[in-house]
Structure formats: structure tokens, C-alpha cells
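start-v2.csv (CSV, C-alpha atoms and all ligand atoms) appears below.
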chain,number,residue,atom,x,y,z
A,1,MET,CA,-111.6,-12.1,-169.5
A,2,ARG,CA,-110.9,-8.8,-167.9
A,3,PHE,CA,-111.6,-8.8,-164.2
A,4,VAL,CA,-113.8,-5.9,-163.4
A,5,ASP,CA,-113.0,-4.6,-160.0
A,6,LEU,CA,-113.7,-0.9,-160.3
A,7,ALA,CA,-116.9,1.0,-161.2
A,8,LYS,CA,-118.1,4.6,-161.1
A,9,ILE,CA,-121.8,5.3,-160.5
A,10,SER,CA,-124.0,8.3,-159.8
A,11,VAL,CA,-126.6,8.1,-157.1
A,12,LYS,CA,-129.5,10.5,-156.5
A,13,ALA,CA,-131.7,10.3,-153.5
A,14,GLY,CA,-135.4,11.2,-153.9
A,15,ASP,CA,-136.5,14.9,-153.5
A,16,GLY,CA,-138.9,15.6,-150.7
A,17,GLY,CA,-142.5,16.2,-151.7
A,18,ARG,CA,-144.0,19.6,-151.7
A,19,GLY,CA,-146.1,20.7,-148.7
A,20,CYS,CA,-149.7,21.5,-149.6
A,21,SER,CA,-151.4,24.8,-149.2
A,22,ALA,CA,-155.1,24.4,-148.8
A,23,PHE,CA,-157.9,25.9,-146.8
A,24,ALA,CA,-161.0,24.3,-145.3
A,25,GLN,CA,-164.2,26.1,-144.3
A,26,PRO,CA,-166.7,23.8,-142.7
A,27,PRO,CA,-170.4,25.1,-142.9
A,28,TYR,CA,-171.4,27.6,-140.3
A,29,THR,CA,-167.9,28.9,-139.6
A,30,ARG,CA,-166.7,32.4,-140.4
A,31,PHE,CA,-163.1,31.9,-141.5
A,32,PRO,CA,-161.4,29.2,-143.5
A,33,TYR,CA,-158.5,27.5,-141.8
A,34,PRO,CA,-155.3,26.0,-143.3
A,35,ASP,CA,-155.4,22.3,-143.7
A,36,GLY,CA,-152.6,21.4,-146.2
A,37,GLY,CA,-150.6,18.3,-145.3
A,38,ASP,CA,-146.8,17.9,-145.3
A,39,GLY,CA,-144.8,16.4,-148.2
A,40,GLY,CA,-143.3,12.9,-147.9
A,41,ASP,CA,-139.6,12.5,-147.5
A,42,GLY,CA,-137.6,11.4,-150.5
A,43,GLY,CA,-136.2,7.8,-150.5
A,44,ASP,CA,-132.6,7.0,-149.7
A,45,VAL,CA,-130.0,5.3,-151.9
A,46,ILE,CA,-128.5,2.4,-150.0
A,47,VAL,CA,-125.5,0.2,-151.0
A,48,ARG,CA,-125.8,-3.4,-149.5
A,49,ALA,CA,-123.3,-6.2,-149.6
A,50,ASP,CA,-124.8,-9.3,-151.1
A,51,SER,CA,-123.1,-12.7,-151.0
A,52,ASN,CA,-124.9,-13.7,-154.2
A,53,VAL,CA,-123.1,-11.0,-156.2
A,54,ALA,CA,-119.6,-11.9,-157.3
A,55,THR,CA,-118.3,-9.0,-159.4
A,56,LEU,CA,-118.9,-5.4,-160.3
A,57,LEU,CA,-119.6,-6.4,-163.9
A,58,ASP,CA,-123.2,-5.1,-163.8
A,59,PHE,CA,-122.0,-1.6,-163.2
A,60,GLN,CA,-120.3,-1.6,-166.6
A,61,PHE,CA,-123.8,-1.4,-168.0
A,62,ARG,CA,-125.7,0.6,-165.5
A,63,HIS,CA,-124.2,3.7,-163.8
A,64,GLU,CA,-127.2,5.7,-162.6
A,65,PHE,CA,-129.3,4.9,-159.5
A,66,ALA,CA,-132.1,7.0,-158.2
A,67,ALA,CA,-134.5,6.7,-155.3
A,68,GLY,CA,-138.2,7.7,-155.4
A,69,ARG,CA,-139.3,11.2,-154.7
A,70,GLY,CA,-141.6,11.9,-151.8
A,71,GLY,CA,-145.3,12.4,-152.6
A,72,HIS,CA,-146.8,15.9,-152.3
A,73,GLY,CA,-148.9,16.8,-149.3
A,74,GLY,CA,-152.7,17.0,-149.9
A,75,ALA,CA,-155.7,18.9,-148.6
A,76,ASN,CA,-157.3,17.6,-145.4
A,77,THR,CA,-153.8,17.4,-143.8
A,78,LYS,CA,-152.9,14.4,-145.9
A,79,THR,CA,-149.2,13.7,-145.7
A,80,GLY,CA,-147.4,12.7,-148.9
A,81,LYS,CA,-146.1,9.2,-149.3
A,82,ARG,CA,-142.4,8.5,-148.5
A,83,GLY,CA,-140.3,7.9,-151.6
A,84,ASP,CA,-139.1,4.3,-152.3
A,85,ASP,CA,-135.5,3.6,-151.3
A,86,CYS,CA,-133.1,2.4,-154.0
A,87,VAL,CA,-130.9,-0.6,-153.0
A,88,ILE,CA,-127.7,-1.2,-154.9
A,89,ARG,CA,-126.3,-4.7,-154.4
A,90,VAL,CA,-122.6,-5.2,-154.5
A,91,PRO,CA,-120.2,-8.1,-153.7
A,92,VAL,CA,-119.0,-8.6,-150.1
A,93,GLY,CA,-115.6,-6.8,-149.9
A,94,THR,CA,-116.6,-3.7,-151.9
A,95,VAL,CA,-115.1,-0.4,-150.7
A,96,ILE,CA,-117.2,2.7,-151.5
A,97,ARG,CA,-115.5,6.0,-152.1
A,98,GLN,CA,-116.5,9.5,-152.9
A,99,ALA,CA,-115.4,10.1,-156.5
A,100,ALA,CA,-114.8,13.8,-155.8
A,101,ASP,CA,-112.0,13.3,-153.2
A,102,GLY,CA,-111.4,9.6,-153.1
A,103,ARG,CA,-112.5,9.5,-149.4
A,104,ALA,CA,-113.6,6.0,-148.4
A,105,LEU,CA,-117.1,5.9,-147.0
A,106,ARG,CA,-117.2,2.3,-146.0
A,107,ASP,CA,-115.7,-1.1,-146.6
A,108,LEU,CA,-118.6,-3.5,-146.8
A,109,SER,CA,-116.9,-6.6,-145.5
A,110,GLU,CA,-119.8,-8.6,-144.1
A,111,PRO,CA,-122.8,-10.0,-145.9
A,112,ASP,CA,-125.9,-7.8,-145.6
A,113,GLU,CA,-123.9,-4.9,-144.3
A,114,GLU,CA,-125.2,-1.6,-145.8
A,115,ILE,CA,-124.7,2.1,-145.9
A,116,VAL,CA,-126.9,5.0,-146.9
A,117,VAL,CA,-124.9,6.8,-149.6
A,118,ALA,CA,-127.4,9.5,-150.4
A,119,ARG,CA,-130.2,10.8,-148.1
A,120,GLY,CA,-133.6,11.6,-149.4
A,121,GLY,CA,-134.7,15.3,-149.1
A,122,ARG,CA,-137.1,16.1,-146.2
A,123,GLY,CA,-140.7,16.7,-147.3
A,124,GLY,CA,-142.0,20.3,-147.2
A,125,TYR,CA,-144.4,21.5,-144.6
A,126,GLY,CA,-148.1,21.9,-145.4
A,127,ASN,CA,-149.7,25.1,-144.4
A,128,ALA,CA,-151.6,23.3,-141.5
A,129,THR,CA,-148.2,22.4,-139.8
A,130,ARG,CA,-146.9,25.9,-140.5
A,131,ALA,CA,-149.9,27.6,-139.1
A,132,ALA,CA,-149.8,25.5,-135.9
A,133,SER,CA,-146.2,26.6,-135.3
A,134,ALA,CA,-146.9,30.2,-136.3
A,135,LYS,CA,-149.6,30.6,-133.6
A,136,GLN,CA,-146.9,31.8,-131.2
A,137,LEU,CA,-146.1,34.7,-133.5
A,138,GLU,CA,-147.5,38.0,-132.4
A,139,HIS,CA,-148.6,39.8,-135.6
A,140,THR,CA,-151.4,38.5,-137.7
A,141,GLN,CA,-149.4,39.5,-140.8
A,142,HIS,CA,-146.4,37.4,-139.7
A,143,ARG,CA,-148.7,34.6,-139.0
A,144,ALA,CA,-150.1,34.7,-142.4
A,145,GLN,CA,-146.7,34.6,-144.0
A,146,ALA,CA,-145.3,31.9,-141.7
A,147,ALA,CA,-148.3,29.8,-142.6
A,148,GLU,CA,-147.4,29.3,-146.2
A,149,ALA,CA,-146.5,25.7,-147.4
A,150,THR,CA,-142.9,25.0,-148.2
A,151,PRO,CA,-141.3,23.0,-151.0
A,152,GLY,CA,-139.5,19.8,-150.2
A,153,GLU,CA,-135.7,19.7,-149.9
A,154,PRO,CA,-133.8,18.1,-152.8
A,155,GLY,CA,-132.3,14.6,-152.3
A,156,GLU,CA,-128.5,14.3,-152.1
A,157,ARG,CA,-126.6,13.5,-155.3
A,158,TYR,CA,-123.1,12.0,-155.4
A,159,GLU,CA,-120.7,10.3,-157.7
A,160,LEU,CA,-119.2,7.2,-156.1
A,161,ILE,CA,-116.4,4.7,-156.9
A,162,LEU,CA,-117.0,1.1,-156.1
A,163,GLU,CA,-113.9,-0.9,-155.6
A,164,LEU,CA,-113.7,-4.6,-155.1
A,165,LYS,CA,-110.6,-5.9,-153.5
A,166,LEU,CA,-110.1,-9.4,-155.0
A,167,ILE,CA,-110.5,-12.1,-152.5
A,168,ALA,CA,-107.9,-14.7,-153.4
A,169,ASP,CA,-106.1,-17.0,-150.9
A,170,VAL,CA,-102.8,-16.8,-152.8
A,171,GLY,CA,-101.2,-14.0,-154.8
A,172,ILE,CA,-98.6,-14.8,-157.4
A,173,ILE,CA,-96.0,-12.0,-157.4
A,174,GLY,CA,-92.9,-11.4,-159.4
A,175,PHE,CA,-91.3,-9.0,-161.9
A,176,PRO,CA,-92.6,-8.7,-165.4
A,177,ASN,CA,-91.8,-11.9,-167.5
A,178,ALA,CA,-91.1,-14.0,-164.4
A,179,GLY,CA,-93.8,-16.4,-165.6
A,180,LYS,CA,-96.7,-15.5,-163.3
A,181,SER,CA,-99.3,-16.0,-165.9
A,182,SER,CA,-97.7,-19.2,-167.1
A,183,LEU,CA,-97.8,-20.5,-163.5
A,184,LEU,CA,-101.5,-19.7,-163.1
A,185,ARG,CA,-102.2,-21.5,-166.3
A,186,ARG,CA,-100.3,-24.5,-165.0
A,187,LEU,CA,-102.0,-24.4,-161.6
A,188,SER,CA,-105.6,-23.8,-162.7
A,189,THR,CA,-107.9,-23.6,-165.7
A,190,ALA,CA,-107.6,-19.9,-165.9
A,191,ARG,CA,-106.1,-18.6,-169.1
A,192,PRO,CA,-104.3,-15.3,-168.7
A,193,LYS,CA,-102.3,-14.3,-171.7
A,194,VAL,CA,-98.6,-15.3,-171.8
A,195,GLY,CA,-96.0,-13.3,-173.8
A,196,ALA,CA,-92.3,-12.7,-174.0
A,197,TYR,CA,-92.6,-9.0,-173.3
A,198,PRO,CA,-93.2,-7.2,-170.0
A,199,PHE,CA,-96.7,-6.2,-168.9
A,200,THR,CA,-98.4,-8.8,-171.0
A,201,THR,CA,-101.0,-9.1,-168.2
A,202,ARG,CA,-102.8,-5.9,-167.4
A,203,TYR,CA,-105.5,-7.1,-165.0
A,204,PRO,CA,-105.4,-9.5,-162.1
A,205,VAL,CA,-106.7,-12.9,-163.0
A,206,LEU,CA,-108.1,-15.4,-160.6
A,207,GLY,CA,-107.9,-19.2,-160.9
A,208,VAL,CA,-109.0,-22.1,-158.7
A,209,VAL,CA,-106.2,-24.5,-157.9
A,210,GLU,CA,-107.1,-28.1,-157.1
A,211,VAL,CA,-104.7,-29.9,-154.9
A,212,PRO,CA,-105.4,-33.6,-155.4
A,213,GLY,CA,-106.6,-35.4,-152.3
A,214,ARG,CA,-106.6,-32.2,-150.3
A,215,GLY,CA,-108.8,-29.5,-151.5
A,216,SER,CA,-108.6,-26.2,-153.5
A,217,PHE,CA,-107.6,-22.6,-153.2
A,218,VAL,CA,-108.0,-19.4,-155.2
A,219,ALA,CA,-104.8,-18.0,-156.7
A,220,CYS,CA,-104.4,-14.6,-158.4
A,221,ASP,CA,-101.9,-13.5,-161.0
A,222,ILE,CA,-101.0,-10.0,-159.8
A,223,PRO,CA,-99.4,-8.2,-162.8
A,224,GLY,CA,-97.2,-5.2,-163.1
A,225,LEU,CA,-95.0,-5.1,-160.0
A,226,ILE,CA,-91.8,-3.2,-160.7
A,227,GLU,CA,-89.3,-1.0,-158.7
A,228,GLY,CA,-91.2,2.1,-157.7
A,229,ALA,CA,-94.6,0.4,-157.9
A,230,HIS,CA,-95.4,1.8,-154.5
A,231,GLN,CA,-95.0,5.3,-156.0
A,232,GLY,CA,-97.4,4.4,-158.8
A,233,LYS,CA,-94.9,3.2,-161.4
A,234,GLY,CA,-95.8,0.4,-163.8
A,235,LEU,CA,-99.2,-1.1,-163.1
A,236,GLY,CA,-98.1,-2.0,-159.7
A,237,PHE,CA,-99.6,0.7,-157.6
A,238,GLU,CA,-103.1,-0.2,-158.7
A,239,PHE,CA,-102.7,-3.8,-157.9
A,240,LEU,CA,-100.5,-3.8,-154.8
A,241,ARG,CA,-103.7,-3.3,-152.8
A,242,HIS,CA,-105.0,-6.6,-154.0
A,243,ILE,CA,-102.1,-8.3,-152.3
A,244,GLU,CA,-103.4,-7.0,-149.0
A,245,ARG,CA,-106.2,-9.5,-148.9
A,246,THR,CA,-104.4,-12.6,-149.9
A,247,ARG,CA,-103.1,-14.9,-147.1
A,248,VAL,CA,-100.0,-16.4,-148.8
A,249,LEU,CA,-97.8,-15.1,-151.6
A,250,ILE,CA,-96.0,-17.2,-154.2
A,251,HIS,CA,-92.9,-15.2,-154.9
A,252,LEU,CA,-91.9,-16.2,-158.4
A,253,VAL,CA,-88.4,-15.5,-159.7
A,254,ASP,CA,-87.0,-16.1,-163.2
A,255,LEU,CA,-83.8,-18.0,-162.3
A,256,ALA,CA,-82.6,-17.9,-165.9
A,257,GLY,CA,-82.6,-14.1,-165.8
A,258,VAL,CA,-83.9,-13.9,-169.3
A,259,ASP,CA,-84.4,-10.2,-169.0
A,260,GLY,CA,-80.9,-9.7,-167.7
A,261,ARG,CA,-82.0,-9.3,-164.1
A,262,ASP,CA,-80.0,-11.1,-161.5
A,263,PRO,CA,-82.3,-13.5,-159.6
A,264,VAL,CA,-81.0,-12.8,-156.1
A,265,GLU,CA,-81.3,-9.1,-156.7
A,266,ALA,CA,-84.8,-9.5,-158.2
A,267,TYR,CA,-85.9,-11.4,-155.1
A,268,HIS,CA,-84.7,-8.6,-152.7
A,269,ARG,CA,-86.0,-5.8,-154.9
A,270,LEU,CA,-89.5,-7.1,-154.9
A,271,ASN,CA,-89.5,-7.6,-151.1
A,272,GLU,CA,-88.3,-4.1,-150.7
A,273,GLU,CA,-91.1,-2.9,-152.9
A,274,LEU,CA,-93.7,-4.7,-150.7
A,275,VAL,CA,-92.3,-3.1,-147.5
A,276,ALA,CA,-92.3,0.3,-149.1
A,277,TYR,CA,-96.0,-0.1,-149.9
A,278,HIS,CA,-97.1,-1.5,-146.6
A,279,GLU,CA,-95.1,-2.9,-143.7
A,280,ALA,CA,-97.8,-5.5,-143.1
A,281,LEU,CA,-97.0,-7.2,-146.4
A,282,THR,CA,-93.7,-8.4,-145.1
A,283,VAL,CA,-95.3,-10.7,-142.5
A,284,LYS,CA,-97.3,-12.4,-145.1
A,285,PRO,CA,-96.0,-15.9,-145.6
A,286,GLN,CA,-94.2,-16.4,-148.9
A,287,VAL,CA,-93.5,-19.6,-150.8
A,288,ILE,CA,-90.5,-19.0,-153.1
A,289,ALA,CA,-90.6,-20.6,-156.5
A,290,ALA,CA,-87.6,-20.6,-158.8
A,291,ASN,CA,-88.9,-20.6,-162.4
A,292,LYS,CA,-87.6,-21.6,-165.8
A,293,MET,CA,-85.6,-24.5,-164.5
A,294,ASP,CA,-85.8,-26.1,-168.0
A,295,LEU,CA,-83.0,-23.7,-169.0
A,296,PRO,CA,-79.4,-24.5,-168.1
A,297,GLU,CA,-78.7,-20.9,-167.0
A,298,ALA,CA,-81.3,-21.4,-164.3
A,299,TRP,CA,-79.6,-24.4,-162.9
A,300,GLU,CA,-76.3,-22.5,-162.6
A,301,GLN,CA,-78.0,-20.0,-160.3
A,302,LEU,CA,-80.1,-22.3,-158.1
A,303,GLU,CA,-77.5,-23.0,-155.4
A,304,ARG,CA,-76.5,-19.4,-155.0
A,305,PHE,CA,-80.1,-18.3,-155.0
A,306,GLY,CA,-81.0,-20.9,-152.4
A,307,ARG,CA,-78.2,-19.7,-150.1
A,308,ALA,CA,-79.1,-16.0,-150.6
A,309,VAL,CA,-82.8,-16.6,-149.8
A,310,GLY,CA,-82.1,-18.8,-146.8
A,311,THR,CA,-85.4,-20.7,-146.9
A,312,ARG,CA,-86.8,-23.5,-148.9
A,313,VAL,CA,-87.0,-22.8,-152.6
A,314,TYR,CA,-89.3,-24.7,-155.0
A,315,PRO,CA,-87.6,-25.2,-158.4
A,316,ILE,CA,-90.3,-25.3,-161.1
A,317,SER,CA,-90.7,-25.0,-164.9
A,318,CYS,CA,-93.9,-23.6,-166.3
A,319,ALA,CA,-92.6,-24.8,-169.7
A,320,THR,CA,-92.5,-28.5,-168.7
A,321,GLY,CA,-94.7,-28.6,-165.6
A,322,GLU,CA,-91.8,-29.9,-163.5
A,323,GLY,CA,-92.1,-29.1,-159.8
A,324,ILE,CA,-95.6,-27.7,-160.0
A,325,PRO,CA,-97.4,-30.4,-157.9
A,326,ALA,CA,-94.8,-30.0,-155.1
A,327,LEU,CA,-95.3,-26.2,-155.2
A,328,SER,CA,-99.1,-26.4,-155.0
A,329,GLU,CA,-98.9,-28.8,-152.1
A,330,ALA,CA,-96.5,-26.6,-150.3
A,331,VAL,CA,-98.8,-23.6,-150.7
A,332,TRP,CA,-101.7,-25.7,-149.5
A,333,GLU,CA,-99.7,-26.6,-146.3
A,334,VAL,CA,-98.9,-23.0,-145.6
A,335,LEU,CA,-102.6,-22.1,-146.1
A,336,GLN,CA,-103.5,-24.7,-143.5
A,337,GLY,CA,-101.1,-23.0,-141.1
A,338,HIS,CA,-98.3,-25.5,-141.3
A,339,GLY,CA,-95.1,-25.5,-143.4
A,401,LIG,N1,-88.1,-21.4,-170.8
A,401,LIG,C1,-89.1,-21.0,-170.0
A,401,LIG,N2,-89.8,-19.9,-170.3
A,401,LIG,C2,-90.8,-19.6,-169.5
A,401,LIG,C3,-91.2,-20.3,-168.4
A,401,LIG,N3,-92.2,-19.7,-167.8
A,401,LIG,C4,-92.5,-18.6,-168.5
A,401,LIG,N4,-91.7,-18.6,-169.6
A,401,LIG,C5,-91.7,-17.5,-170.6
A,401,LIG,O1,-91.5,-16.3,-170.0
A,401,LIG,C6,-92.2,-15.3,-170.7
A,401,LIG,C7,-93.1,-14.5,-169.7
A,401,LIG,O2,-94.1,-15.4,-169.2
A,401,LIG,P1,-95.4,-14.8,-168.6
A,401,LIG,O3,-96.1,-16.0,-168.0
A,401,LIG,O4,-96.2,-14.0,-169.6
A,401,LIG,O5,-94.8,-13.9,-167.5
A,401,LIG,P2,-95.6,-12.9,-166.5
A,401,LIG,O6,-94.8,-12.9,-165.3
A,401,LIG,O7,-97.0,-13.2,-166.5
A,401,LIG,O8,-95.3,-11.5,-167.3
A,401,LIG,P3,-96.1,-10.1,-167.3
A,401,LIG,O9,-97.6,-10.5,-167.4
A,401,LIG,O10,-95.6,-9.4,-168.5
A,401,LIG,O11,-95.8,-9.5,-166.0
A,401,LIG,C8,-93.0,-16.0,-171.8
A,401,LIG,O12,-92.3,-15.9,-173.0
A,401,LIG,C9,-93.0,-17.4,-171.3
A,401,LIG,O13,-93.2,-18.3,-172.4
A,401,LIG,C10,-90.4,-21.5,-168.1
A,401,LIG,O14,-90.6,-22.2,-167.1
A,401,LIG,N5,-89.4,-21.8,-168.9
A,402,MG,MG,-98.6,-12.1,-167.1

Now, as a test, write the supplied structure out as C-alpha cells.
Ligand SMILES: Nc1nc2c(ncn2[C@@H]2O[C@H](COP(=O)(O)OP(=O)(O)OP(=O)(O)O)[C@@H](O)[C@H]2O)c(=O)[nH]1
Ligand SMILES: [Mg+2]
Amino acid sequence: MRFVDLAKISVKAGDGGRGCSAFAQPPYTRFPYPDGGDGGDGGDVIVRADSNVATLLDFQFRHEFAAGRGGHGGANTKTGKRGDDCVIRVPVGTVIRQAADGRALRDLSEPDEEIVVARGGRGGYGNATRAASAKQLEHTQHRAQAAEATPGEPGERYELILELKLIADVGIIGFPNAGKSSLLRRLSTARPKVGAYPFTTRYPVLGVVEVPGRGSFVACDIPGLIEGAHQGKGLGFEFLRHIERTRVLIHLVDLAGVDGRDPVEAYHRLNEELVAYHEALTVKPQVIAANKMDLPEAWEQLERFGRAVGTRVYPISCATGEGIPALSEAVWEVLQGHG
């Protein structure tokens, strides 16, 4: 399944209601007086973080959201009703941007946090209100003009981008074909596609990893990291930002170098890519996994690789399943703050 994490919507706040122009003339009076009421304000469009909503999937099917318009003013200084607000529920962790310039309006990171994304138009003035404020004016003619009712203001209208940063505990990173999707399939019940060509996986995929006797964590296959990803090359740029919210990274390296990439070099290149994107990513703890250990070429590299990396390396094979339990236990330990 494609993981939906971006959506574009249009929002329209309610227009303000028209002010009313009416006159009353009670019996036994000589002149009618203005008694038209004000229009009601239009409703706002509000985006609220809701912990019961998990994805942005609903926004694939519905893009337009509008709040209610304000009621018109009535005779007898009757004020129009305020328009109903429109509340859009999104997952916690959704960032809201203006589509026009990409500017972030808010990161809704707490449940029930909300933001008004489009303000309703103010209701117009009825002629009663206008007449009251026109009393100060000197000329009768001006007074008459100033005492006309006004229309309501239009509600704001915007195009917005909703962006959900994935909330995974662990991100699996590595060059194309390193075996990231194969690893997630081994670790969890998630079924990302596996293929012998680069960029098989085009969207991040989440899976729940059970560590027997301990607990579970959420891992994410983060596809498309290559050199220059931080400048938008490959699929990397789009998904580097997902790494930001993970707590631990599994840095996966194809030790057999099936694509002709030297494993030591691959390891350093990928780390450089992370630094270039965001300095903070370098302090994220990494568990290093050496993949494809079922192939003899991989064994020949293991010692040299271990020396170059300088920390513990977990040799695994996604083909045979060897080393996978030790890897998930190590990740679990790091998540608990040890290891
Ligand atoms: N021999 C062997 N092949 C493996 C192993 N793990 C993965 N492969 C193969 O390596 C190729 C790439 O595997 P994927 O899991 O699709 O790699 P990926 O990192 O998700 O690749 P992209 O989605 O393209 O970035 C596939 O042909 C896999 O069958 C392994 O442990 N041993
Ligand atoms: Mg893949």
C-alpha cells in the first residue's frame, strides 16, 4: 500500500452576512428611523490534530472545505447568525503549509492542537448601526449616505498542503538495492516490494517489529537515498525529512557490493549525505547492519568493513534470515537508551 503523507486541500471561510437596511415608523411619530441589524460573521476554517486519525488518506477523496456564511441582518435590529465553523481533523504530527509559497503555518504536534487557517468575513453593518455612528457627522446629506447598510466581507480562501511526517521509531537507510525492503519484510509483517533494480521502493513503508519477550517498535523503510539526495536528487530529498523524526537509524550496507559499490565507501557517503541535509542527523544513534552475508564476496569484506566503521557491526542476511534476531534486539536496546 502506498503510504499517503501529503495532501492538497482548498479551504474557504464563510462570507459575512449582509447588513440590513430597514426603517421603522412607530405610530404617532413624524419620521421613520433606520433599524436594520448587522450581518453575522462568517465561520472560520480550523485544522485540528486528532489522535484518532492516523493518515491523510481521507484527503485523497475530499479536497474542499468550506465554513458556513454569516446570516443577513434583519429589520428590528436583528443581527444575523454567525456562520458555522468547519473543523478539519488531521493526524497528530501534521505540518500545514501555504501551497502558494510553501510557508509552514504550523506543526500540529500535540493532540487537540488547532489553528485557524481561514478567517470568516466580518458581517456587514445594518443601517441602524451606521446611523448611530453617523450622528456625529455635520451635514444631513452625509448622515443619510453614511447610514446605508454595508455588505459583509468575503471569507478568506487558501490552498494548503498537509504534510504528515511519519512517526517511526527506527528508520532503515541505505543506498538503493542495499536490501532495506527485504529487511523490513524480515523484521515485520509489512510487505514492501523487493527488486534487483534501484528505486524499487518509491514510498516509505512502515512495519511493526516484535522483539520476543521485550516489546515492539515501528520501523520505516526509507527509500531513495543517493549521493546528492540533500540537493533533491533521486527520491531522497522528499524522504530525508522523514528521518528527522525517527529516534534510531539502521544503516544498512550491501557488503557484497552487488552494484559495484565499495561497502566502506558506501557507508561514508551515506553519512556525508545525512550531514549535508541536517547536522542534527549525525547525532542520531545508528545500528550498522552488514547485509547479504550469504554471499562469499560479503564475507571477504566483513573484517575490513568492521575496522573502517570502528563500532559494532551486525552481519545479517535478508535472504536466509541469519543475524536478524540479534539485530532487532540491538535496535531495541538502543531505543531503551542502552547499547
Ligand atoms: N543474496 C542476497 N540478496 C539480497 C539480500 N537482501 C536483499 N537482496 C537482494 O537485493 C536486491 C535489492 O533488495 P531490496 O530489498 O529491494 O533493496 P532496497 O534497499 O529496498 O532497494 P530500493 O528499494 O531499490 O532502494 C533484491 O534483488 C534482493 O533480493 C541478501 O541478504 N542476500
Ligand atoms: Mg526497497

Residues within 7 Å of ligand LIG 401 (chain A) should be enumerated using all atoms listed in the file and returned as a PyMOL selection string. chain A and resi 174-183+193-202+223-224+291-295+316-320

Proximity of stretch 31-74 of chain A to stretch 108-123 of chain A: per-residue shortest pair, 9 Å limit, all atoms listed in the file, as CSV:
residue,atom,partner,partner_atom,distance
A:Asp38,CA,A:Gly123,CA,6.5
A:Gly39,CA,A:Gly123,CA,4.2
A:Gly40,CA,A:Gly123,CA,4.6
A:Asp41,CA,A:Gly123,CA,4.3
A:Gly42,CA,A:Gly120,CA,4.2
A:Gly43,CA,A:Gly120,CA,4.7
A:Asp44,CA,A:Gly120,CA,4.7
A:Val45,CA,A:Ala118,CA,5.2
A:Ile46,CA,A:Val116,CA,4.4
A:Val47,CA,A:Ile115,CA,5.5
A:Arg48,CA,A:Glu114,CA,4.2
A:Ala49,CA,A:Asp112,CA,5.0
A:Asp50,CA,A:Pro111,CA,5.6
A:Ser51,CA,A:Pro111,CA,5.8
A:Ala67,CA,A:Gly120,CA,7.7
A:Gly68,CA,A:Gly120,CA,8.5
A:Arg69,CA,A:Gly120,CA,7.8
A:Gly70,CA,A:Gly123,CA,6.6
A:Gly71,CA,A:Gly123,CA,8.2
A:His72,CA,A:Gly123,CA,7.9
A:Gly73,CA,A:Gly123,CA,8.4

List the spatial neighbours of A:Ala326 as a PyMOL selection string - criterion: any atom at most 12 Å away, all atoms listed in the file, same-chain residues fewer than 5 positions off excluded. chain A and resi 187+211-212+287-289+313-317+321+331-333

Could you check how far atom CA of A:Val253 sits from atom CA of A:Arg304, in Å to one decimal? 13.4 Å

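Residue nearest A:Val218 within the list A:Asp262, A:Asp169, A:Glu300, A:Asp101: A:Asp169 [criterion: smallest interatomic distance, only C-alpha atoms].
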
Nearest-residue call for ligand MG 402 (chain A), choices A:Phe217, A:Phe305, A:Tyr203, A:Tyr267, using only C-alpha atoms and all ligand atoms: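 That would be A:Tyr203, the residue with the smallest distance to ligand MG 402 (chain A).
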
Of the listed residues A:Ala280, A:Ala7, A:Cys86, A:Ile222, that which approaches ligand MG 402 (chain A) most closely, counting all atoms listed in the file: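 Using all atoms listed in the file, ligand MG 402 (chain A) sits closest to A:Ile222.
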
How many Å lie between atom CA of A:Leu225 and atom CA of A:Ala256, rounded to one decimal?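 Computed distance, atom CA of A:Leu225 to atom CA of A:Ala256, equals 18.8 Å.
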
State, in Å with one decimal place, the distance from atom CA of A:Pro192 to atom CA of A:Arg245.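 If I compute the distance from atom CA of A:Pro192 to atom CA of A:Arg245, I get 20.7 Å.
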
In terms of the shortest atom-to-atom distance over only C-alpha atoms and all ligand atoms, which of A:Glu322, A:Arg157, A:Pro32, A:Leu206 is closest to ligand MG 402 (chain A)?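 Checking each candidate against ligand MG 402 (chain A), we get A:Leu206 as the closest.
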
Mind filling out stretch 195-206 of chain A with N, CA and C atoms and sending it as a PDB file, in the frame of the given file?
ATOM      1  N   GLY A 195     -96.784 -13.864-172.687  1.00  0.00           N
ATOM      2  CA  GLY A 195     -96.000 -13.300-173.800  1.00  0.00           C
ATOM      3  C   GLY A 195     -94.605 -12.988-173.362  1.00  0.00           C
ATOM      4  N   ALA A 196     -93.684 -12.933-174.325  1.00  0.00           N
ATOM      5  CA  ALA A 196     -92.300 -12.700-174.000  1.00  0.00           C
ATOM      6  C   ALA A 196     -91.931 -11.258-173.871  1.00  0.00           C
ATOM      7  N   TYR A 197     -92.907 -10.445-173.507  1.00  0.00           N
ATOM      8  CA  TYR A 197     -92.600  -9.000-173.300  1.00  0.00           C
ATOM      9  C   TYR A 197     -93.258  -8.629-171.947  1.00  0.00           C
ATOM     10  N   PRO A 198     -92.687  -7.631-171.284  1.00  0.00           N
ATOM     11  CA  PRO A 198     -93.200  -7.200-170.000  1.00  0.00           C
ATOM     12  C   PRO A 198     -94.616  -6.640-170.081  1.00  0.00           C
ATOM     13  N   PHE A 199     -95.373  -6.723-168.988  1.00  0.00           N
ATOM     14  CA  PHE A 199     -96.700  -6.200-168.900  1.00  0.00           C
ATOM     15  C   PHE A 199     -97.691  -6.808-169.894  1.00  0.00           C
ATOM     16  N   THR A 200     -97.472  -8.097-170.154  1.00  0.00           N
ATOM     17  CA  THR A 200     -98.400  -8.800-171.000  1.00  0.00           C
ATOM     18  C   THR A 200     -99.796  -8.825-170.285  1.00  0.00           C
ATOM     19  N   THR A 201     -99.753  -9.082-168.982  1.00  0.00           N
ATOM     20  CA  THR A 201    -101.000  -9.100-168.200  1.00  0.00           C
ATOM     21  C   THR A 201    -101.268  -7.758-167.643  1.00  0.00           C
ATOM     22  N   ARG A 202    -102.472  -7.256-167.877  1.00  0.00           N
ATOM     23  CA  ARG A 202    -102.800  -5.900-167.400  1.00  0.00           C
ATOM     24  C   ARG A 202    -103.832  -5.892-166.322  1.00  0.00           C
ATOM     25  N   TYR A 203    -104.467  -7.010-166.066  1.00  0.00           N
ATOM     26  CA  TYR A 203    -105.500  -7.100-165.000  1.00  0.00           C
ATOM     27  C   TYR A 203    -105.221  -8.317-164.184  1.00  0.00           C
ATOM     28  N   PRO A 204    -105.531  -8.261-162.899  1.00  0.00           N
ATOM     29  CA  PRO A 204    -105.400  -9.500-162.100  1.00  0.00           C
ATOM     30  C   PRO A 204    -106.331 -10.549-162.579  1.00  0.00           C
ATOM     31  N   VAL A 205    -105.880 -11.771-162.586  1.00  0.00           N
ATOM     32  CA  VAL A 205    -106.700 -12.900-163.000  1.00  0.00           C
ATOM     33  C   VAL A 205    -106.765 -13.929-161.931  1.00  0.00           C
ATOM     34  N   LEU A 206    -107.950 -14.442-161.680  1.00  0.00           N
ATOM     35  CA  LEU A 206    -108.100 -15.400-160.600  1.00  0.00           C
ATOM     36  C   LEU A 206    -108.228 -16.843-161.222  1.00  0.00           C
TER      37      LEU A 206
END
